[in-house]
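Structure data follow from data37.txt (compact mmCIF, C-alpha atoms):
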```
# COMPACT_ATOMS: atom_id res chain seq x y z
CA MET A 1 125.16 78.50 94.89
CA GLU A 2 123.10 80.63 92.48
CA GLN A 3 121.74 83.91 93.75
CA LYS A 4 117.99 83.92 94.42
CA LEU A 5 115.62 86.88 94.16
CA LEU A 6 112.62 87.28 96.45
CA ALA A 7 110.02 89.68 95.01
CA VAL A 8 107.49 90.40 97.72
CA ASP A 9 104.34 92.50 97.87
CA LEU A 10 103.76 94.71 100.92
CA ASP A 11 100.16 95.21 102.06
CA GLY A 12 98.57 91.91 102.98
CA THR A 13 101.87 90.09 102.37
CA LEU A 14 105.11 91.34 103.95
CA PHE A 15 102.96 93.58 106.17
CA TYR A 16 100.87 90.60 107.32
CA PRO A 17 100.02 90.42 110.14
CA LYS A 18 99.87 94.17 110.77
CA GLN A 19 101.89 95.72 113.57
CA ILE A 20 101.46 98.98 115.49
CA GLY A 21 105.00 100.17 116.19
CA ARG A 22 106.60 98.88 112.97
CA CYS A 23 105.60 97.96 109.42
CA ILE A 24 107.23 94.54 109.14
CA SER A 25 107.01 91.83 111.80
CA LYS A 26 110.26 90.79 113.51
CA LYS A 27 110.02 87.26 112.08
CA ASN A 28 109.69 88.59 108.54
CA VAL A 29 112.61 90.98 109.07
CA LYS A 30 114.79 88.18 110.46
CA PHE A 31 114.00 86.00 107.45
CA LEU A 32 114.81 88.79 104.95
CA GLN A 33 118.07 89.59 106.72
CA GLU A 34 119.22 85.96 106.72
CA PHE A 35 118.16 85.58 103.08
CA ILE A 36 120.16 88.65 102.01
CA ASP A 37 123.14 87.70 104.20
CA GLN A 38 123.40 84.44 102.26
CA GLY A 39 124.06 86.46 99.09
CA ASN A 40 120.51 86.76 97.76
CA LYS A 41 118.45 89.80 96.74
CA VAL A 42 115.10 91.21 97.86
CA VAL A 43 112.92 93.59 95.86
CA LEU A 44 109.77 95.08 97.37
CA VAL A 45 106.99 95.17 94.76
CA SER A 46 104.16 97.52 95.66
CA SER A 47 101.58 99.98 94.41
CA ARG A 48 102.86 102.32 97.13
CA SER A 49 105.17 105.22 96.27
CA TYR A 50 108.89 105.57 96.95
CA PHE A 51 108.00 108.37 99.40
CA PHE A 52 106.79 105.54 101.65
CA THR A 53 108.74 102.42 100.65
CA LYS A 54 112.19 103.96 101.11
CA LYS A 55 111.50 104.11 104.87
CA LEU A 56 111.41 100.30 104.97
CA GLN A 57 115.16 100.20 104.31
CA GLU A 58 115.70 101.20 107.94
CA GLU A 59 113.47 98.40 109.29
CA ILE A 60 115.11 95.71 107.17
CA ASN A 61 118.59 97.16 107.72
CA ARG A 62 119.94 95.52 104.57
CA PRO A 63 120.33 96.60 100.92
CA ILE A 64 117.00 96.18 99.11
CA ASP A 65 115.48 97.34 95.83
CA PHE A 66 112.07 98.79 95.10
CA ILE A 67 109.44 98.37 92.41
CA ASN A 68 107.03 101.21 93.21
CA CYS A 69 103.67 102.39 91.88
CA THR A 70 102.94 98.96 90.39
CA SER A 71 106.30 99.27 88.51
CA ALA A 72 105.99 102.78 87.06
CA GLN A 73 109.15 103.53 89.08
CA ILE A 74 111.96 101.06 89.84
CA ILE A 75 114.91 101.70 92.14
CA ALA A 76 117.85 99.27 91.95
CA ASP A 77 121.06 99.69 93.95
CA GLY A 78 119.97 103.22 94.86
CA GLU A 79 119.44 104.32 91.25
CA CYS A 80 116.20 104.84 89.33
CA ILE A 81 116.25 102.45 86.37
CA ARG A 82 112.64 102.96 85.28
CA ASP A 83 110.43 106.05 85.40
CA GLU A 84 107.15 105.83 83.45
CA VAL A 85 104.46 108.50 83.83
CA MET A 86 101.01 108.47 82.28
CA ASN A 87 100.06 110.39 79.13
CA LYS A 88 98.35 113.57 80.38
CA LYS A 89 95.66 114.03 77.72
CA GLN A 90 94.92 110.32 77.55
CA LEU A 91 94.55 110.09 81.33
CA LYS A 92 92.33 113.18 81.52
CA ASP A 93 89.98 111.82 78.85
CA ILE A 94 89.81 108.36 80.45
CA LEU A 95 89.05 109.74 83.93
CA SER A 96 86.30 111.91 82.49
CA GLU A 97 84.70 108.87 80.86
CA ILE A 98 85.09 106.77 84.03
CA ASP A 99 83.45 109.52 86.09
CA GLN A 100 80.43 109.66 83.79
CA GLN A 101 80.09 105.90 83.33
CA PHE A 102 80.88 104.48 86.80
CA ARG A 103 80.47 107.46 89.21
CA PRO A 104 83.17 106.50 91.76
CA LEU A 105 83.27 107.99 95.25
CA GLY A 106 86.84 109.24 94.94
CA TYR A 107 90.20 109.18 93.19
CA PHE A 108 93.80 108.97 94.45
CA LEU A 109 96.91 109.80 92.45
CA THR A 110 100.64 109.46 92.98
CA SER A 111 102.98 111.73 91.06
CA LYS A 112 106.63 112.75 91.11
CA LYS A 113 105.77 115.58 93.53
CA TYR A 114 103.12 114.02 95.76
CA SER A 115 102.71 110.71 97.57
CA ILE A 116 98.89 110.85 97.48
CA VAL A 117 96.50 113.53 96.23
CA ILE A 118 92.81 112.75 96.75
CA LYS A 119 89.76 113.97 94.88
CA GLU A 120 86.33 113.19 96.32
CA ALA A 121 82.96 113.23 94.56
CA LYS A 122 80.94 116.27 95.62
CA ARG A 123 77.88 114.16 96.46
CA VAL A 124 79.82 112.33 99.22
CA SER A 125 82.31 115.01 100.20
CA LEU A 126 81.72 115.19 103.97
CA LEU A 127 81.24 111.43 104.36
CA PHE A 128 84.38 110.72 102.34
CA LYS A 129 86.48 113.11 104.41
CA LEU A 130 85.21 111.54 107.63
CA PHE A 131 85.84 108.01 106.40
CA TYR A 132 89.36 108.68 105.13
CA GLY A 133 90.27 110.63 108.26
CA ILE A 134 89.32 107.64 110.44
CA TYR A 135 91.06 105.20 108.08
CA TYR A 136 94.25 107.31 108.11
CA PHE A 137 94.26 107.54 111.92
CA PHE A 138 94.23 103.76 112.32
CA GLN A 139 96.96 103.13 109.75
CA PHE A 140 99.69 103.86 112.32
CA LYS A 141 103.10 103.11 110.74
CA TYR A 142 101.45 102.31 107.39
CA ARG A 143 100.28 105.88 106.81
CA GLU A 144 101.16 107.67 103.62
CA ASN A 145 100.98 111.46 103.69
CA TYR A 146 98.07 112.74 101.64
CA ILE A 147 96.46 115.96 100.44
CA LEU A 148 92.70 116.07 99.94
CA ASP A 149 92.31 118.78 97.33
CA ASN A 150 90.19 118.48 94.19
CA LYS A 151 91.85 121.47 92.50
CA LEU A 152 95.36 120.13 93.13
CA PHE A 153 94.29 116.71 91.81
CA ASP A 154 92.99 118.24 88.58
CA GLN A 155 96.14 120.37 88.32
CA GLU A 156 98.40 117.31 88.60
CA ILE A 157 96.35 115.51 85.93
CA GLU A 158 96.75 118.54 83.63
CA GLU A 159 100.37 119.48 84.33
CA GLY A 160 102.06 116.95 86.62
CA ASP A 161 103.93 113.69 86.09
CA VAL A 162 101.48 111.05 87.31
CA TYR A 163 102.64 107.50 88.04
CA LYS A 164 99.25 106.01 88.91
CA VAL A 165 95.61 106.77 89.64
CA MET A 166 93.46 104.70 91.99
CA ILE A 167 89.66 104.69 91.88
CA PHE A 168 87.53 104.10 94.97
CA PHE A 169 83.95 102.80 94.82
CA GLY A 170 83.34 101.90 98.47
CA LEU A 171 83.76 99.11 101.01
CA GLY A 172 82.04 95.81 101.67
CA HIS A 173 81.80 92.50 99.81
CA LYS A 174 79.58 93.89 97.03
CA LYS A 175 82.03 96.71 96.37
CA LYS A 176 84.94 94.24 96.19
CA THR A 177 83.02 92.27 93.56
CA LEU A 178 82.25 95.52 91.72
CA THR A 179 85.93 96.46 91.76
CA LYS A 180 86.82 93.21 89.94
CA GLU A 181 84.00 93.65 87.44
CA ILE A 182 84.98 97.24 86.68
CA ASN A 183 88.62 96.19 86.30
CA LYS A 184 87.56 93.78 83.55
CA LYS A 185 85.61 96.55 81.79
CA LEU A 186 88.49 99.00 82.10
CA ARG A 187 90.90 96.50 80.56
CA GLU A 188 88.51 95.93 77.65
CA GLU A 189 87.61 99.58 77.04
CA TYR A 190 91.04 101.18 77.64
CA PRO A 191 93.76 98.88 76.25
CA GLN A 192 96.11 101.87 76.00
CA ILE A 193 96.67 101.79 79.79
CA GLU A 194 97.05 99.14 82.49
CA SER A 195 94.23 98.43 84.91
CA SER A 196 94.51 96.21 87.99
CA TRP A 197 92.69 95.87 91.30
CA THR A 198 93.07 95.34 95.00
CA SER A 199 90.34 94.56 97.52
CA LYS A 200 89.31 98.23 97.69
CA LEU A 201 90.60 100.03 94.61
CA ASN A 202 91.12 99.96 90.87
CA GLU A 203 94.60 101.05 89.75
CA LEU A 204 95.52 102.72 86.47
CA THR A 205 99.13 102.97 85.27
CA ALA A 206 100.96 103.48 81.98
CA LEU A 207 101.03 100.59 79.53
CA LYS A 208 103.35 97.74 80.60
CA CYS A 209 103.47 99.10 84.15
CA THR A 210 102.16 96.00 85.87
CA LYS A 211 103.97 94.22 88.67
CA GLY A 212 104.76 91.30 86.37
CA ASP A 213 106.11 93.48 83.57
CA GLY A 214 108.07 95.58 86.04
CA LEU A 215 109.66 92.57 87.70
CA GLU A 216 110.57 91.14 84.30
CA TYR A 217 112.12 94.50 83.34
CA TYR A 218 114.07 94.55 86.62
CA CYS A 219 115.39 91.00 86.09
CA ASN A 220 116.50 91.76 82.54
CA LYS A 221 118.33 94.90 83.65
CA LEU A 222 120.16 93.08 86.45
CA ASN A 223 120.70 89.83 84.49
CA ILE A 224 118.74 87.75 87.01
CA ASP A 225 117.71 84.26 85.88
CA LYS A 226 113.93 83.94 85.85
CA ASN A 227 114.22 80.43 87.31
CA ASN A 228 115.73 81.90 90.49
CA VAL A 229 112.89 84.35 91.14
CA TYR A 230 110.36 83.74 93.95
CA VAL A 231 107.25 85.95 94.05
CA VAL A 232 104.78 86.43 96.90
CA GLY A 233 101.52 88.43 96.89
CA ASP A 234 97.88 88.49 97.87
CA SER A 235 95.95 90.87 95.58
CA GLY A 236 94.64 91.19 92.06
CA ASN A 237 97.58 93.37 91.05
CA ASP A 238 99.93 90.49 91.99
CA ILE A 239 98.41 88.13 89.40
CA THR A 240 100.72 89.38 86.65
CA MET A 241 103.71 88.35 88.80
CA PHE A 242 102.20 84.90 89.32
CA ASN A 243 101.66 84.52 85.58
CA LYS A 244 105.18 85.54 84.55
CA PHE A 245 106.99 83.73 87.38
CA TYR A 246 104.58 80.85 87.93
CA GLU A 247 107.06 78.12 88.89
CA HIS A 248 107.99 79.88 92.15
CA SER A 249 104.78 81.83 92.77
CA TYR A 250 103.21 82.02 96.23
CA ALA A 251 99.84 83.51 97.15
CA MET A 252 99.10 84.30 100.77
CA ARG A 253 96.69 81.75 102.22
CA HIS A 254 94.23 84.50 103.20
CA ALA A 255 94.14 85.90 99.64
CA PRO A 256 90.84 85.73 97.69
CA LYS A 257 90.25 82.53 95.74
CA SER A 258 90.16 84.61 92.57
CA VAL A 259 93.82 85.49 93.26
CA LYS A 260 95.11 82.21 94.72
CA LYS A 261 94.08 80.23 91.64
CA TYR A 262 96.81 81.98 89.62
CA ALA A 263 99.67 81.02 91.96
CA LYS A 264 101.30 77.60 92.04
CA ASN A 265 101.67 77.60 95.84
CA THR A 266 100.24 79.20 98.97
CA VAL A 267 102.01 80.38 102.10
CA ARG A 268 100.67 81.38 105.53
CA ARG A 269 103.39 83.93 106.36
CA VAL A 270 106.31 85.27 104.32
CA TYR A 271 108.87 84.09 106.87
CA THR A 272 107.74 80.47 106.48
CA LEU A 273 109.51 80.52 103.12
CA SER A 274 112.74 80.24 105.10
CA LYS A 275 112.19 76.47 105.19
CA LEU A 276 112.47 76.43 101.40
CA LEU A 277 114.86 79.28 100.64
CA LEU A 278 117.24 78.99 103.60
CA LYS A 279 116.98 75.36 104.72
CA GLY A 280 116.31 73.73 101.36
CA GLU A 281 113.14 71.93 102.40
CA LYS A 282 110.78 71.31 99.49
CA LYS A 283 107.53 71.84 101.39
```

Translate the structure described by the file into structure tokens.
Amino acid sequence: MEQKLLAVDLDGTLFYPKQIGRCISKKNVKFLQEFIDQGNKVVLVSSRSYFFTKKLQEEINRPIDFINCTSAQIIADGECIRDEVMNKKQLKDILSEIDQQFRPLGYFLTSKKYSIVIKEAKRVSLLFKLFYGIYYFFQFKYRENYILDNKLFDQEIEEGDVYKVMIFFGLGHKKKTLTKEINKKLREEYPQIESSWTSKLNELTALKCTKGDGLEYYCNKLNIDKNNVYVVGDSGNDITMFNKFYEHSYAMRHAPKSVKKYAKNTVRRVYTLSKLLLKGEKK
């Protein structure tokens, strides 16, 4: 039997539904364990950093690989096989233009030194701090350590090794629509970087650091047949995976229509794929 690869997004996908005392539901863990025990591989594909994702190894209790920061960093068999940071001057110039043109409420970055550094717009400073403090409190096991420090953010942009920058415009349906519209503009105006989106944020990474490109890079390095790759996701930044691995692509049923239309199939929970991948059922 040929080895299969399951490439699965985290937030809204493997982490769905959310738990309080753990990140991954017991049913999803059981499915992943059985899948790996049959000789298959699992790679977690996320915009989150390795500072956070490496902790999931303990919950799954099996060997897994990681595609982090929307593929700017890839860890396979415990070794880093890809490490792509953004061009410092290019990133600084682009963020300056974005700030003047779109006036976001805040920025988040992930670098080699820090999981999350946040910079908030001065006009919403107190409100932003209050909002993020409440949001962080209710994240429970899903929390990522952060530093809210405008000076440190600017310092990392100038001198650090930055994997990704996320841009925050606000919450609500109108803001989600705005996020998609701005993503389109960013892709048109800044072809020298990658831009993608989730329900709340725009993400900037180095060129070719999309989830689809990263997964393709991973498969080439490990000599994994593309026909044996199954991808699951729920957000705009998962679309590149759906495009490159369309035949076995699965969008979560609760994903936006603008995301689901790119996947060949839908799935209610990740563990329901056991009927296909473990039992051989076609539906």

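Nearest to Val162 (chain A) of all the residues A:Phe15, A:Tyr50, A:Tyr114, A:Phe138 is A:Tyr114, based on all atoms listed in the file.
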
Legend entry - Residues near Val85 (chain A), cut-off 7 Å, all atoms listed in the file, skip fewer than 2 positions along chain, as a PyMOL selection string: chain A and resi 72+83+87+161-163+206

Inset, instruction - Would you list the contacts of region 178-191 of chain A as a list in words, taking every protein, DNA or RNA residue within 8 Å and counting all atoms listed in the file, but skipping same-chain residues closer than 5 positions in sequence? - result: Ile94, Phe169, Ser196, Trp197, Thr198, Ser199, Lys200, Leu201 and Asn202 of chain A

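Coordinates place CA of Asn61 (chain A) at a distance of 10.4 Å from CA of Ile36 (chain A).
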
Inset, instruction - May I ask which of the residues A:Leu127, A:Leu277, A:Met86, A:Leu5 is the closest one to Tyr230 (chain A), counting all atoms listed in the file? - result: A:Leu5

Inset, instruction - Name the residues in contact with Tyr107 (chain A) at a cut-off of 12 Å, using only C-alpha atoms, excluding same-chain residues fewer than 4 positions from it; report them as a PyMOL selection string. - result: chain A and resi 95-96+98-99+103+116-122+128+132+147-150+153-154+157+164-170+200-204

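With only C-alpha atoms as the atoms that count, the residue of A:Thr272, A:Gln57, A:Asn145, A:Thr240 with the shortest distance to Arg253 (chain A) is A:Thr272.
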
Legend entry - Contacts of Asp238 (chain A) at 12 Å (only C-alpha atoms; same-chain gap of 2+ positions) as a ChimeraX atom specification: /A:7-13,45-47,70-71,196-199,210-215,231-236,240-246,249-252,255-256,258-263

Legend entry - Atom pair CA of Asn223 (chain A) / CA of Arg269 (chain A): separation (Å): 28.5 Å

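What separates CA of Arg48 (chain A) from CA of Gly106 (chain A) is a distance of 17.6 Å.
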
Legend entry - Best match for closeness to Lys141 (chain A) among A:Ile239, A:Val267, A:Lys26, A:Phe52, counting all atoms listed in the file: A:Phe52

Legend entry - All residues 12 Å or closer to Lys4 (chain A), all atoms listed in the file, same chain fewer than 2 positions away omitted, as JSON, numbers by chain: {"A": [1, 2, 6, 7, 35, 36, 37, 38, 39, 40, 41, 42, 43, 219, 223, 224, 225, 226, 227, 228, 229, 230, 231, 248, 276, 277, 278]}

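Using only C-alpha atoms, the nearest neighbour of Asn237 (chain A) within the list A:Cys209, A:Leu130, A:Leu32, A:Ile75 is A:Cys209.
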
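Between Lys88 (chain A) and the residues A:Glu216, A:Glu247, A:Glu58, A:Glu156, the shortest atom-to-atom distance, using only C-alpha atoms, involves A:Glu156.
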